[in-house]
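What follows is one structure encoded as structure tokens, with my remarks underneath.
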Amino acid sequence: MTARTLRNRPVERCTVRMLTRIDHIGIACFDLDKTVEFYRSTYGFEVFHTEVNEEQGVREAMLKINETSDGGASYLQLLEPTREDSTVAKWLAKNGEGVHHIAFGTADVDGVAADVRGKGVRVLYDEPRRGSMGSRITFLHPKDCHGVLTELVTSAEPSSAEH
């Protein structure tokens, strides 16, 4: 069975389950501390992990929502830019605060990225990069994903010092 991509190219429909969970929803914000407090006081979510990612120019907090059947978890990722030239800062200037991206968990970010690239979806990084908590990540172009910036994530091993 074939399907058509946004570029109208026939591709084989996926027959194996590549993605195992919603890893996180990324939310861009102007003030990380204020946004964390909103999610804490409104929904009872607590911060699981914080870090500054210099490469991406963001300060972030991961709020754990629940455990998942594959041994991972689902999170809200709150992102505050640390510099004006970061992707998140530019996105905030254009769109204001709100949902920035959705991230799907996978055991094999390299394999899934190659598979979707073969189906005509633009993968933004040639090689996966370091993401939150020592994960490996890449992004898919939103114009190829119905307007949604999509991240693929392979979590670090639980025994990792960063996890």
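In the structure tokens, chains take letters A, B, ... by order of appearance, with residues numbered from 1 within each chain and ligands from 1 in the order shown.
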Using only C-alpha atoms, which residues sit within 8 Å of segment 62-73 of chain A once same-chain residues fewer than 3 positions away are excluded, as a PyMOL selection string? chain A and resi 20-21+23+45-50+76-78+155
Pull the closest atom pair for each residue of segment 19-42 of chain A that gets at most 10 Å from segment 99-108 of chain A, along with the distance in Å to one decimal, counting only C-alpha atoms, ordering rows by chain and then ascending residue number, as CSV.
```
residue,atom,partner,partner_atom,distance
A:Leu19,CA,A:Thr106,CA,4.8
A:Thr20,CA,A:Gly105,CA,5.5
A:Arg21,CA,A:Gly105,CA,5.2
A:Ile22,CA,A:Phe104,CA,4.6
A:Asp23,CA,A:Gly105,CA,5.0
A:His24,CA,A:Ala103,CA,5.2
A:Ile25,CA,A:Ile102,CA,4.6
A:Gly26,CA,A:His101,CA,5.0
A:Ile27,CA,A:Val99,CA,4.4
A:Ala28,CA,A:His100,CA,5.7
A:Cys29,CA,A:Val99,CA,9.1
```
In segment 45-116 of chain A, DSSP helix (DSSP H, G or I) residues written as an mmCIF file with N, CA, C and O atoms, in the first residue's frame:
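Listing of out.cif after writing:
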```cif
data_model
loop_
_atom_site.group_PDB
_atom_site.id
_atom_site.type_symbol
_atom_site.label_atom_id
_atom_site.label_comp_id
_atom_site.auth_asym_id
_atom_site.auth_seq_id
_atom_site.Cartn_x
_atom_site.Cartn_y
_atom_site.Cartn_z
ATOM 1 N N THR A 87 17.087 29.675 18.078
ATOM 2 C CA THR A 87 15.870 29.310 17.350
ATOM 3 C C THR A 87 14.631 29.600 18.188
ATOM 4 O O THR A 87 13.633 30.113 17.670
ATOM 5 N N VAL A 88 14.683 29.287 19.478
ATOM 6 C CA VAL A 88 13.525 29.504 20.347
ATOM 7 C C VAL A 88 13.253 31.003 20.513
ATOM 8 O O VAL A 88 12.092 31.429 20.503
ATOM 9 N N ALA A 89 14.286 31.832 20.635
ATOM 10 C CA ALA A 89 14.085 33.281 20.746
ATOM 11 C C ALA A 89 13.420 33.829 19.487
ATOM 12 O O ALA A 89 12.493 34.646 19.566
ATOM 13 N N LYS A 90 13.878 33.387 18.340
ATOM 14 C CA LYS A 90 13.287 33.839 17.076
ATOM 15 C C LYS A 90 11.833 33.378 16.977
ATOM 16 O O LYS A 90 10.969 34.129 16.526
ATOM 17 N N TRP A 91 11.570 32.156 17.416
ATOM 18 C CA TRP A 91 10.206 31.622 17.379
ATOM 19 C C TRP A 91 9.301 32.431 18.306
ATOM 20 O O TRP A 91 8.182 32.791 17.928
ATOM 21 N N LEU A 92 9.779 32.732 19.513
ATOM 22 C CA LEU A 92 9.008 33.539 20.456
ATOM 23 C C LEU A 92 8.711 34.929 19.900
ATOM 24 O O LEU A 92 7.601 35.447 20.067
ATOM 25 N N ALA A 93 9.690 35.546 19.253
ATOM 26 C CA ALA A 93 9.491 36.882 18.688
ATOM 27 C C ALA A 93 8.399 36.876 17.621
ATOM 28 O O ALA A 93 7.637 37.826 17.494
ATOM 29 N N LYS A 94 8.314 35.794 16.892
ATOM 30 C CA LYS A 94 7.323 35.687 15.816
ATOM 31 C C LYS A 94 5.959 35.220 16.318
ATOM 32 O O LYS A 94 4.927 35.709 15.880
ATOM 33 N N ASN A 95 5.940 34.263 17.268
ATOM 34 C CA ASN A 95 4.705 33.582 17.650
ATOM 35 C C ASN A 95 4.231 33.836 19.071
ATOM 36 O O ASN A 95 3.095 33.522 19.398
ATOM 37 N N VAL A 109 16.877 6.671 16.832
ATOM 38 C CA VAL A 109 16.694 7.958 16.165
ATOM 39 C C VAL A 109 17.363 7.979 14.795
ATOM 40 O O VAL A 109 16.821 8.540 13.842
ATOM 41 N N ASP A 110 18.508 7.331 14.652
ATOM 42 C CA ASP A 110 19.205 7.304 13.361
ATOM 43 C C ASP A 110 18.373 6.576 12.312
ATOM 44 O O ASP A 110 18.207 7.057 11.190
ATOM 45 N N GLY A 111 17.861 5.416 12.685
ATOM 46 C CA GLY A 111 17.079 4.605 11.751
ATOM 47 C C GLY A 111 15.777 5.269 11.360
ATOM 48 O O GLY A 111 15.391 5.272 10.187
ATOM 49 N N VAL A 112 15.079 5.853 12.335
ATOM 50 C CA VAL A 112 13.808 6.523 12.042
ATOM 51 C C VAL A 112 14.053 7.747 11.170
ATOM 52 O O VAL A 112 13.317 7.995 10.209
ATOM 53 N N ALA A 113 15.106 8.519 11.468
ATOM 54 C CA ALA A 113 15.420 9.697 10.655
ATOM 55 C C ALA A 113 15.709 9.286 9.211
ATOM 56 O O ALA A 113 15.222 9.924 8.270
ATOM 57 N N ALA A 114 16.471 8.223 9.030
ATOM 58 C CA ALA A 114 16.769 7.743 7.672
ATOM 59 C C ALA A 114 15.492 7.281 6.975
ATOM 60 O O ALA A 114 15.289 7.553 5.785
ATOM 61 N N ASP A 115 14.628 6.599 7.708
ATOM 62 C CA ASP A 115 13.385 6.098 7.134
ATOM 63 C C ASP A 115 12.481 7.246 6.679
ATOM 64 O O ASP A 115 11.987 7.239 5.548
ATOM 65 N N VAL A 116 12.274 8.246 7.538
ATOM 66 C CA VAL A 116 11.385 9.343 7.155
ATOM 67 C C VAL A 116 12.014 10.217 6.072
ATOM 68 O O VAL A 116 11.309 10.745 5.212
#
```
Write out as a count of residues only the set of residues from chain A that DSSP, computed on the backbone, places in strand (DSSP E or B). 61
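Our summary of the geometry notes that atom CA of Glu60 of chain A is positioned 17.4 Å from atom CA of Phe139 of chain A.
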